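Here's the structure, in structure tokens; my notes come after.
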Protein chains: 4
Amino acid sequence: MKILVCAAAAVLGLAAVPVRAEVIAVVGGTIIDGNGGAPISDGVILIDGKRIAAIGDRSTPIPSRARRIAAQGKFIVPGLMSTGMFLADGTWPPLTILYEGRYDEVAIESAQLALKGGITTVFDTWGPRDALLKAREAIKQGRVPGARIYLCGTWVGTGGPYSDDMRSQFKEAVGEPFAARIDALWEANIGEELVAMPAEEVRQEVRKYAQSGIDFLTYPVNVHRAGAARFIVFSPRVQKVIVEEGHRAGLPVQAMFVSTDEGIRMALDAGADIVAPVPWGGRPMSAETVALLAQRKVPVLDMTAPAADLEWYRKHADPAAVKLQEISDRRARALIRAGAVTLSAPVSGAYSADQLETWRQGSAPGTHAPLGEGHVRSLQGMQDRGMKPVEALMTATRNMARAFKVDKDLGTLEQGKVADLVVLDKNPLESAENYRRIHLVIKEGRIVDRDALPTQRLMTAQPAAAR
Amino acid sequence: MKILVCAAAAVLGLAAVPVRAEVIAVVGGTIIDGNGGAPISDGVILIDGKRIAAIGDRSTPIPSRARRIAAQGKFIVPGLMSTGMFLADGTWPPLTILYEGRYDEVAIESAQLALKGGITTVFDTWGPRDALLKAREAIKQGRVPGARIYLCGTWVGTGGPYSDDMRSQFKEAVGEPFAARIDALWEANIGEELVAMPAEEVRQEVRKYAQSGIDFLTYPVNVHRAGAARFIVFSPRVQKVIVEEGHRAGLPVQAMFVSTDEGIRMALDAGADIVAPVPWGGRPMSAETVALLAQRKVPVLDMTAPAADLEWYRKHADPAAVKLQEISDRRARALIRAGAVTLSAPVSGAYSADQLETWRQGSAPGTHAPLGEGHVRSLQGMQDRGMKPVEALMTATRNMARAFKVDKDLGTLEQGKVADLVVLDKNPLESAENYRRIHLVIKEGRIVDRDALPTQRLMTAQPAAAR
Amino acid sequence: MKILVCAAAAVLGLAAVPVRAEVIAVVGGTIIDGNGGAPISDGVILIDGKRIAAIGDRSTPIPSRARRIAAQGKFIVPGLMSTGMFLADGTWPPLTILYEGRYDEVAIESAQLALKGGITTVFDTWGPRDALLKAREAIKQGRVPGARIYLCGTWVGTGGPYSDDMRSQFKEAVGEPFAARIDALWEANIGEELVAMPAEEVRQEVRKYAQSGIDFLTYPVNVHRAGAARFIVFSPRVQKVIVEEGHRAGLPVQAMFVSTDEGIRMALDAGADIVAPVPWGGRPMSAETVALLAQRKVPVLDMTAPAADLEWYRKHADPAAVKLQEISDRRARALIRAGAVTLSAPVSGAYSADQLETWRQGSAPGTHAPLGEGHVRSLQGMQDRGMKPVEALMTATRNMARAFKVDKDLGTLEQGKVADLVVLDKNPLESAENYRRIHLVIKEGRIVDRDALPTQRLMTAQPAAAR
Amino acid sequence: MKILVCAAAAVLGLAAVPVRAEVIAVVGGTIIDGNGGAPISDGVILIDGKRIAAIGDRSTPIPSRARRIAAQGKFIVPGLMSTGMFLADGTWPPLTILYEGRYDEVAIESAQLALKGGITTVFDTWGPRDALLKAREAIKQGRVPGARIYLCGTWVGTGGPYSDDMRSQFKEAVGEPFAARIDALWEANIGEELVAMPAEEVRQEVRKYAQSGIDFLTYPVNVHRAGAARFIVFSPRVQKVIVEEGHRAGLPVQAMFVSTDEGIRMALDAGADIVAPVPWGGRPMSAETVALLAQRKVPVLDMTAPAADLEWYRKHADPAAVKLQEISDRRARALIRAGAVTLSAPVSGAYSADQLETWRQGSAPGTHAPLGEGHVRSLQGMQDRGMKPVEALMTATRNMARAFKVDKDLGTLEQGKVADLVVLDKNPLESAENYRRIHLVIKEGRIVDRDALPTQRLMTAQPAAAR
């Protein structure tokens with residue numbers, strides 16, 4: 001066991017602990033361990049240093065030197081995990097302008113918002129690789145608090161924030177030279193030009209990128225552009241090359257923006273480990289594809305929101321927008337019914353007041369929930385569509401850890417695992433809203449000072465005028 | 001032989017000939033038969049009815065009842081064949097508005113312009129299927145003169161003139177209801193919605209379309225949209241389905257808009273019979289791809305223009321536009337050097353005065369040469385890039401006939417073939433410009449009254465204001 | 001009296017009548033003469049040739065040779081007059097394309113739709129001068145039936161259909177050369193370039209234009225462009241020059257697109273005879289301006305629709321659009337309350353099925369009522385806002401005739417006036433809807449064959465595809 | 001004299017000087033005093049405190065306690081004055097985003113760049129009033145160095161940076177809430193809504209604004225929008241109201257963006273003190289207008305650049321752009337020939353590297369010269385068009401001081417005037433380029449530490465990525 005822990009520590013980059021670690025006992029709460037079984041009432045979780053030393057009912061022995069945390073009437077869940085978020089959302093021009101050279105700090109702020117909301121681990125979906133690496137290390141090495149970061153940087157073959165793949169309409173506002181500079185930060189060596197390359201040239205570039213320190217590799221199956229989302233980015237041959245190079249570097253590979261049944265099939269044929277379906281192909285996922293995903297147990301990102309949102313769109317949005325919402329809704333329901341492995345992926349980030357206000361118009365209330373809040377809507381959405389609450393929790397814990405191959409250390413409350421946990425005042429299995437009733441967050445065995453988060457407000461600062 | 005002719009007649013839809021056919025002897029000219037060999041000086045071509053009864057030197061016996069056409073000092077080439085053109089160019093809004101319900105007449109006008117210019121056969125590249133079928137039949141049955149038409153209608157999975165694949169920016173100008181009506185004419189049952197369909201649904205629709213009377217089937221490999229041209233329309237699996245259904249209906253299948261090396265490979269893997277590379281992927285075709293095309297003898301559309309145009313662009317156009325011209329130029333040279341099978345494909349049609357004037361700005365002089373003229377620029381372009389004149393002629397005759405599987409009847413001057421020929425005043429092997437020096441055009445054994453063409457001016461009429 | 005009649009005949013261009021004119025007696029109806037007084041029950045209108053020979057109660061002597069038209073239970077109103085319409089609406093690109101060279105025929109079709117709907121006189125608000133002159137003459141000389149046309153052509157200093165003043169966004173769709181040609185037809189010699197000219201140069205151009213055969217002169221006070229409608233086109237000095245030149249040519253001068261209180265004041269100071277306020281300044285007309293218009297008895301165009309439309313906008317449109325509707329509504333109510341002289345100006349024309357369908361989206365039902373129907377909505381609107389029915393009728397009869405200085409001949413049912421009248425089956429003073437219940441239209445003493453109108457369908461033809 | 005100085009000190013806000021002021025003697029240089037006469041060779045300028053105590057030839061007595069500055073071989077000109085510049089250029093979105101809440105600091109940086117370049121006084125042409133006031137005071141009170149600032153804030157009736165009057169196309173990039181907040185800073189109480197107001201309402205708002213601490217009042221005659229620049233913003237009646245309120249507050253009134261002859265006439269009729277003609281009306285200024293301006297001695301802003309730029313445009317720009325350049329060129333030449341009072345107004349500001357690089361494309365080299373450099377191009381331009389060098393200097397000194405009514409203190413080198421002067425190494429009357437050869441700048445009697453300017457780099461800092 002000891003050896004295992006050490007190996008895991010190496011993987012997670014846990015710093016060596018010279019002094020005797022603190023021992024904490026969370027006593028008396030209802031433990032929902034993330035494995036999907038029945039909760040343990042009046043349970044005990046014993047934490048020694050960064051890991052869970054023991055877990056069980058009241059009879060679990062508690063060392064005398066342990067700091068006891070009373071959890072009677074509380075509910076304990078694993079530290080939540082989230083994907084689908086952007087720690088540094090380059091599509092918002094003011095962010096790119098205000099914090100040029102400081103995107104790592106923005107990412108840390110985001111990771112702190114996440115942690116404050118009970119999310120101990122984030123899998124960043126798209127961002128400037130080098131800044132994210134910097135933020136990841138700062139948190140990993142304990143220099144700043146924050147949710148644990150895993151990152152993929154940009155998507156293979158995709159342009160940066162001011163490219164045609166994202167918001168080229170804003171290029172003029174910020175000026176070409178700035179746009180080019182920022183795009184280069186995102187694109188690293190795997191930008192748009194890869195799309196036209198022959199397979200072996202793609203391989204060279206992806207190999208270099210896969211070995212640059214990222215935690216997983218993401219590539220788009222379909223095109224990330226309004227009106228062109230049914231088209232395909234890479235030939236299946238190139239897709240296979242990308243997955244091969246990801247796997248060669250020991251990384252899980254995520255297939256993003258899969259908008260058609262053919263897209264899902266190509267992603268699976270290529271060997272992708274995770275798929276992210278989107279509704280933009282304009283057709284519901286076929287029953288065959290749903291069955292295929294469920295049967296192969298491929299983790300699927302779920303970006304849907306509470307079912308009530310759909311009603312909002314039906315009232316306020318144009319038919320084309322409603323149709324997309326309906327396709328998503330229908331797909332999510334079908335996948336849940338079929339028992340597919342689902343991952344909670346609420347699109348979220350650290351948003352400025354201006355950004356939230358801008359988005360408020362035209363979206364269902366709460367749509368752009370900031371990091372640390374979005375997951376509540378996500379988990380609610382899954383339950384609205386028929387998932388059991390205990391399984392919804394797994395989409396943000398065990399499923400996620402397995403999907404991203406970090407389940408040796410993370411994702412459940414089990415002896416030997418890293419001690420990430422959230423103590424809630426109310427039962428989350430009764431209502432997803434109760435995930436907001438946070439009593440305490442423990443990350444790597446330490447109690448998080450939530451009131452101090454974020455330690456520096458950048459995106460979430462008041463506008464200058466209001467100061 | 002007789003049976004063969006009859007079978008061919010059936011294929012071409014030649015009407016039964018109750019009376020004794022006219023016999024024509026073209027005597028004394030230099031015959032360039034389209035097979036690439038040395039010309040026959042002082043030759044004789046004997047035409048009996050619609051076909052060539054004999055071809056040879058002066059010793060060829062000429063029946064006394066034959067009508068003799070003196071061709072001393074003239075040059076005789078096979079009736080020219082052209083592709084890459086739009087008999088009814090739906091991207092020009094005034095055409096769609098002015099001639100709604102009469103697109104067949106526009107197509108006939110175009111086919112007559114072609115014929116006037118020595119082009120006896122056209123392979124229409126994109127248009128409203130039903131109107132083109134109507135035009136084809138009117139000409140085939142001899143109700144109106146015109147170049148012989150072969151058509152594919154629209155491309156599988158592609159929207160009509162006012163869709164995002166073409167000119168959606170003009171939709172507002174013509175109004176949604178009109179745009180929808182016109183798009184439907186083009187899209188038949190194989191419009192944009194096919195792109196998101198699973199393979200077997202695509203099969204059903206393509207099967208229906210392939211059996212609707214078209215002559216060849218066209219599908220796009222890459223996306224026909226500015227800025228998105230490197231993306232892929234259909235998965236290879238669907239591409240195979242499309243080709244299968246084309247072949248099942250006995251049709252050659254043409255892969256359009258191939259912008260990347262991967263695209264070429266997918267088209268070939270799918271079994272496409274003809275490929276049309278475009279430069280919009282932004283990279284030159286790789287040496288491997290050039291070699292592959294040459295080795296497999298796959299006919300390749302060449303849409304380049306005289307090399308001198310490139311100089312014009314270097315002087316007047318922005319660097320991005322120049323780059324595309326250079327990629328095309330480089331590809332054309334490489335394919336010619338490698339000995340690839342090339343087809344002359346000058347983008348052309350029946351253009352209005354307004355259209356030509358509109359296009360004049362921003363393009364090299366002569367770029368939008370109307371039907372019946374564009375091929376001269378095309379053939380010149382190939383010679384500029386190293387092709388021998390006699391081979392350039394083959395790109396518009398034998399290569400084309402073979403590519404589209406009509407070489408049993410068309411493409412060369414040989415005994416038994418349909419008597420399509422052009423008598424020129426000057427030697428076209430000396431200068432491509434000499435293809436303009438037409439003395440006589442014979443189509444299916446009949447002398448064409450070129451002065452009477454087009455029989456009705458629609459697109460080529462004077463603007464109302466100028467009348 | 002005779003002399004007067006002759007003079008009037010000359011003015012109206014009534015052709016000499018060599019044979020004895022027909023005499024018609026409309027007997028037994030309720031006559032609403034357009035002067036605002038109480039209707040005459042069981043009245044008699046005696047028409048001799050083109051004019052009203054007598055009008056009165058049942059005791060009015062009827063010559064034996066008179067053709068008697070029984071009107072018991074019917075209601076007789078003066079032939080209606082309408083302004084605010086476009087006989088050839090150049091803002092619809094398909095119209096300009098399809099009927100280039102035939103805009104006079106479109107104008108005639110429009111005038112026939114008007115006549116069919118009981119409108120015997122139209123004051124065209126904007127159009128291609130020469131084509132409108134041609135249409136006016138064809139109708140005046142009796143070559144074709146139709147409402148009597150008065151025209152101003154374009155507005156001084158305003159660009160044509162494809163200019164920035166109208167629909168420059170459609171220029172690319174039709175091509176520059178076409179756009180330039182069409183714009184030139186509208187602009188004559190008084191296009192956009194006048195806006196930058198010094199006053200005396202403007203004078204020269206307007207003088208020429210005013211003497212070119214038009215019936216009244218129109219100039220814009222504020223700018224006819226979205227987002228720029230509060231700005232001013234001409235300096236007051238130039239406005240005075242324009243009005244002077246209009247008056248020098250004996251023409252009434254209409255000030256269009258007056259969007260601000262300052263604009264109204266400038267128009268009045270310049271001496272304009274008619275003003276057309278629009279809501280686009282974004283502020284309600286001030287009480288002072290309302291009082292000023294009412295006190296000076298300046299005829300004011302009313303382009304509002306039934307008050308019920310406002311509710312539609314409040315439900316379906318964005319706040320900015322609603323605000324404009326409310327400003328119009330408020331202004332119309334205030335002007336009516338103040339007793340201003342109002343002219344019925346329903347925006348209307350001969351619209352194609354595509355055009356109506358295109359407009360249907362985003363507008364209150366019925367908004368784009370075609371010519372011959374729009375006036376019902378206009379008259380309804382005025383009554384909705386407090387105008388008495390008998391006064392509403394005057395906005396489309398006597399007020400209009402006086403405003404455009406043709407009240408010597410037109411606008412009321414009085415002895416000596418031109419015999420334009422509409423016989424209705426139901427009482428229009430009970431409901432504006434009853435203006436649709438047309439029994440008979442008489443124009444210049446002749447019964448109109450309404451069933452034969454329009455004599456040629458252009459704009460109102462079925463789309464080609466539906467034929 | 002003493003009293004006068006005190007009064008002037010009060011006007012300029014010169015702080016009371018408790019200690020005995022320094023006395024400086026600039027000795028031996030060639031003095032070009034800005035009055036247009038012949039230079040004084042081997043002259044002496046004696047400065048006592050903030051003012052010039054004496055000026056004359058070598059015989060001028062120099063107190064022994066004076067600090068002597070040797071100026072043999074040097075050339076001394078009055079401190080330069082500039083208008084046409086934007087100390088905080090709100091049209092560049094990154095500026096507004098990066099420095100929200102700190103626009104005063106940006107203005108100070110700009111004023112320091114100006115001072116470094118020999119410009120001791122700037123008349124800011126458009127900016128956020130409150131930030132400019134803050135910057136003005138900081139410099140006036142000696143808290144920071146910088147050119148003396150006079151400001152007008154925004155233009156009456158004009159929207160802020162993200163309004164339709166400026167760059168509404170950038171609104172989406174920064175988000176509506178931010179855009180609204182920034183626009184409000186510029187618009188104060190005199191934004192776009194004034195354009196639709198009746199005259200007396202405009203008066204109330206302008207009165208409030210004129211008394212808010214600004215130094216002069218600016219209003220636009222014509223519209224500041226592409227394609228609408230020939231239209232008029234305010235009726236002459238409202239223009240008079242604006243000028244009256246400016247004058248009531250003791251402010252000079254500047255008429256901006258006058259694009260037509262009618263516009264010039266309206267500005268003069270309204271009583272404007274300074275006019276700024278622009279070429280966007282598309283017609284050259286008429287000879288009458290040129291004569292009128294010259295005769296009335298109305299100061300005219302000259303925004304032209306070296307004549308050589310015109311050649312650049314003829315080679316690289318489209319005909320419409322060239323035409324505007326030609327109109328400006330022609331107008332400038334005509335005004336110079338006619339002897340009009342001209343003010344040097346090089347459009348300039350503190351530009352970022354990105355901004356300069358962005359602008360570099362499509363403009364003649366040097367067009368967007370930053371503050372402190374632009375005036376060299378401006379003075380060169382005037383000399384290119386026939387102005388004598390000594391008069392060109394006056395456009396940036398005496399003419400400017402008189403136009404803005406500060407000539408009692410500023411604009412020339414004369415006894416009693418504020419001691420603003422520039423010592424040049426080479427003769428500026430030989431070449432305008434020599435204005436760059438700065439030996440020394442003295443402002444208010446103190447030698448400026450030019451090397452220390454700007455004291456804080458904001459706009460002129462290196463991009464974050466390059467740091």
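Starting from 1 in every chain, residues are counted up; chains themselves are A, B, ... following the order of the structure tokens, and ligands are numbered from 1 as listed.
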
Interface list for chain A, partner chain D, 6 Å threshold, only C-alpha atoms, as a ChimeraX atom specification: /A:98,100-101,170,173,175,177,354,358,464-465

Output N, CA, C and O atoms for every residue in the selection just made, as an mmCIF file, in the first residue's frame.
```
data_model
loop_
_atom_site.group_PDB
_atom_site.id
_atom_site.type_symbol
_atom_site.label_atom_id
_atom_site.label_comp_id
_atom_site.auth_asym_id
_atom_site.auth_seq_id
_atom_site.Cartn_x
_atom_site.Cartn_y
_atom_site.Cartn_z
ATOM 1 N N LEU A 98 -7.140 42.619 -20.997
ATOM 2 C CA LEU A 98 -6.788 43.060 -19.642
ATOM 3 C C LEU A 98 -5.687 42.214 -19.035
ATOM 4 O O LEU A 98 -4.869 42.709 -18.265
ATOM 5 N N GLU A 100 -3.422 40.063 -20.613
ATOM 6 C CA GLU A 100 -2.341 39.559 -21.454
ATOM 7 C C GLU A 100 -1.097 39.389 -20.580
ATOM 8 O O GLU A 100 -0.714 40.287 -19.829
ATOM 9 N N GLY A 101 -0.473 38.226 -20.685
ATOM 10 C CA GLY A 101 0.706 37.945 -19.869
ATOM 11 C C GLY A 101 0.357 37.422 -18.480
ATOM 12 O O GLY A 101 1.243 37.039 -17.714
ATOM 13 N N PHE A 170 -14.218 39.634 -33.884
ATOM 14 C CA PHE A 170 -13.687 40.611 -32.921
ATOM 15 C C PHE A 170 -12.253 41.035 -33.239
ATOM 16 O O PHE A 170 -11.669 41.832 -32.525
ATOM 17 N N ALA A 173 -11.627 44.750 -33.693
ATOM 18 C CA ALA A 173 -11.735 45.569 -32.485
ATOM 19 C C ALA A 173 -10.438 45.583 -31.688
ATOM 20 O O ALA A 173 -10.107 46.579 -31.051
ATOM 21 N N GLY A 175 -7.400 44.686 -33.060
ATOM 22 C CA GLY A 175 -6.257 44.926 -33.938
ATOM 23 C C GLY A 175 -5.582 43.614 -34.310
ATOM 24 O O GLY A 175 -5.425 42.718 -33.492
ATOM 25 N N PRO A 177 -2.399 42.799 -34.922
ATOM 26 C CA PRO A 177 -1.172 42.315 -34.262
ATOM 27 C C PRO A 177 -1.479 41.654 -32.921
ATOM 28 O O PRO A 177 -0.918 40.596 -32.610
ATOM 29 N N ASP A 354 -19.491 42.242 -16.448
ATOM 30 C CA ASP A 354 -19.918 42.666 -17.789
ATOM 31 C C ASP A 354 -20.290 41.466 -18.651
ATOM 32 O O ASP A 354 -21.265 41.503 -19.406
ATOM 33 N N THR A 358 -23.809 40.682 -20.238
ATOM 34 C CA THR A 358 -23.926 40.578 -21.694
ATOM 35 C C THR A 358 -24.636 39.287 -22.083
ATOM 36 O O THR A 358 -25.501 39.278 -22.954
ATOM 37 N N ALA A 464 -14.051 48.906 -13.149
ATOM 38 C CA ALA A 464 -13.312 50.081 -12.686
ATOM 39 C C ALA A 464 -14.260 51.209 -12.295
ATOM 40 O O ALA A 464 -14.098 51.861 -11.270
ATOM 41 N N ALA A 465 -15.275 51.400 -13.108
ATOM 42 C CA ALA A 465 -16.174 52.531 -12.885
ATOM 43 C C ALA A 465 -16.908 52.395 -11.561
ATOM 44 O O ALA A 465 -17.307 53.375 -10.945
#
```

What lies within 10 Å of Ala321 in chain B using only C-alpha atoms, ignoring chain neighbours under 6 positions off, as a PDB file with C-alpha atoms, in the first residue's frame?
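Here's the written file selection-v4.pdb:
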```pdb
ATOM      1  CA  TRP B 280      -8.388  26.359 -51.106  1.00  0.00           C
ATOM      2  CA  TYR B 313      -2.717  38.721 -59.587  1.00  0.00           C
ATOM      3  CA  ARG B 314       0.762  39.353 -58.285  1.00  0.00           C
TER       4      ARG B 314
END
```

Picked from range 16-222 of chain C by DSSP as strand (DSSP E), as number ranges by chain: C: 23-31, 40-48, 51-56, 67-70, 75-78, 80-86, 119-124, 148-151, 217-220

Sel. of alpha helix (DSSP H) residues, range 246-460 of chain A, as JSON, numbers by chain: {"A": [246, 247, 248, 261, 262, 263, 264, 265, 266, 267, 268, 269, 270, 287, 288, 289, 290, 291, 292, 293, 294, 295, 296, 307, 308, 309, 310, 311, 312, 313, 314, 315, 316, 319, 320, 321, 322, 323, 324, 325, 326, 327, 328, 329, 330, 331, 332, 333, 334, 335, 336, 337, 338, 353, 354, 355, 356, 357, 358, 359, 360, 374, 375, 376, 377, 378, 379, 380, 381, 382, 383, 384, 389, 390, 391, 392, 393, 394, 395, 398, 399, 400, 401, 402, 403]}

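Near Gly159 in chain A, within 7 Å and counting only C-alpha atoms, sit Asp164, Asp165, Asp183, Glu187, Gly191 and Glu192 of chain A, not including residues fewer than 5 positions from it in the same chain.
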
Write a file of the just-selected residues containing N, CA and C atoms, as a CSV table (one decimal), in the first residue's frame.
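Just written: part-v9.csv:
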```
chain,number,residue,atom,x,y,z
A,164,ASP,N,-11.1,32.1,-37.2
A,164,ASP,CA,-12.4,31.8,-37.7
A,164,ASP,C,-13.1,30.7,-36.9
A,165,ASP,N,-12.3,29.9,-36.2
A,165,ASP,CA,-12.9,28.8,-35.4
A,165,ASP,C,-13.6,29.4,-34.1
A,183,ASP,N,-3.7,34.5,-30.6
A,183,ASP,CA,-4.0,33.3,-31.3
A,183,ASP,C,-2.8,32.3,-31.2
A,187,GLU,N,-2.7,28.4,-30.1
A,187,GLU,CA,-2.5,27.4,-31.1
A,187,GLU,C,-1.3,26.6,-30.9
A,191,GLY,N,-2.2,24.5,-34.6
A,191,GLY,CA,-3.3,25.3,-35.1
A,191,GLY,C,-4.0,24.9,-36.4
A,192,GLU,N,-4.7,25.8,-36.9
A,192,GLU,CA,-5.5,25.5,-38.1
A,192,GLU,C,-4.8,24.9,-39.3
```

Distance query Val26 in chain D at most 7 Å, only C-alpha atoms, self and fewer than 4 positions along chain excluded, as number ranges by chain: D: 44-46, 68-71

Close residues, Gly374 in chain A itself excluded, 8 Å, only C-alpha atoms, min 3 positions apart in chain, as number ranges by chain: A: 346-348, 368-371, 377-378

Selection: 10 Å around Ser344 in chain A, only C-alpha atoms, excl. self and same-chain fewer than 5 positions, as a VMD selection string: chain A and resid 80 to 84 300 to 304 374 to 379 381 to 382 392 to 397 399 to 400

Test item: residues at most 12 Å from Ile274 in chain B, only C-alpha atoms, excluding those fewer than 5 positions along its chain, as a PyMOL selection string: chain B and resi 83+216-221+243+251-258+264+267-268+293+296-302+340-343+399-405
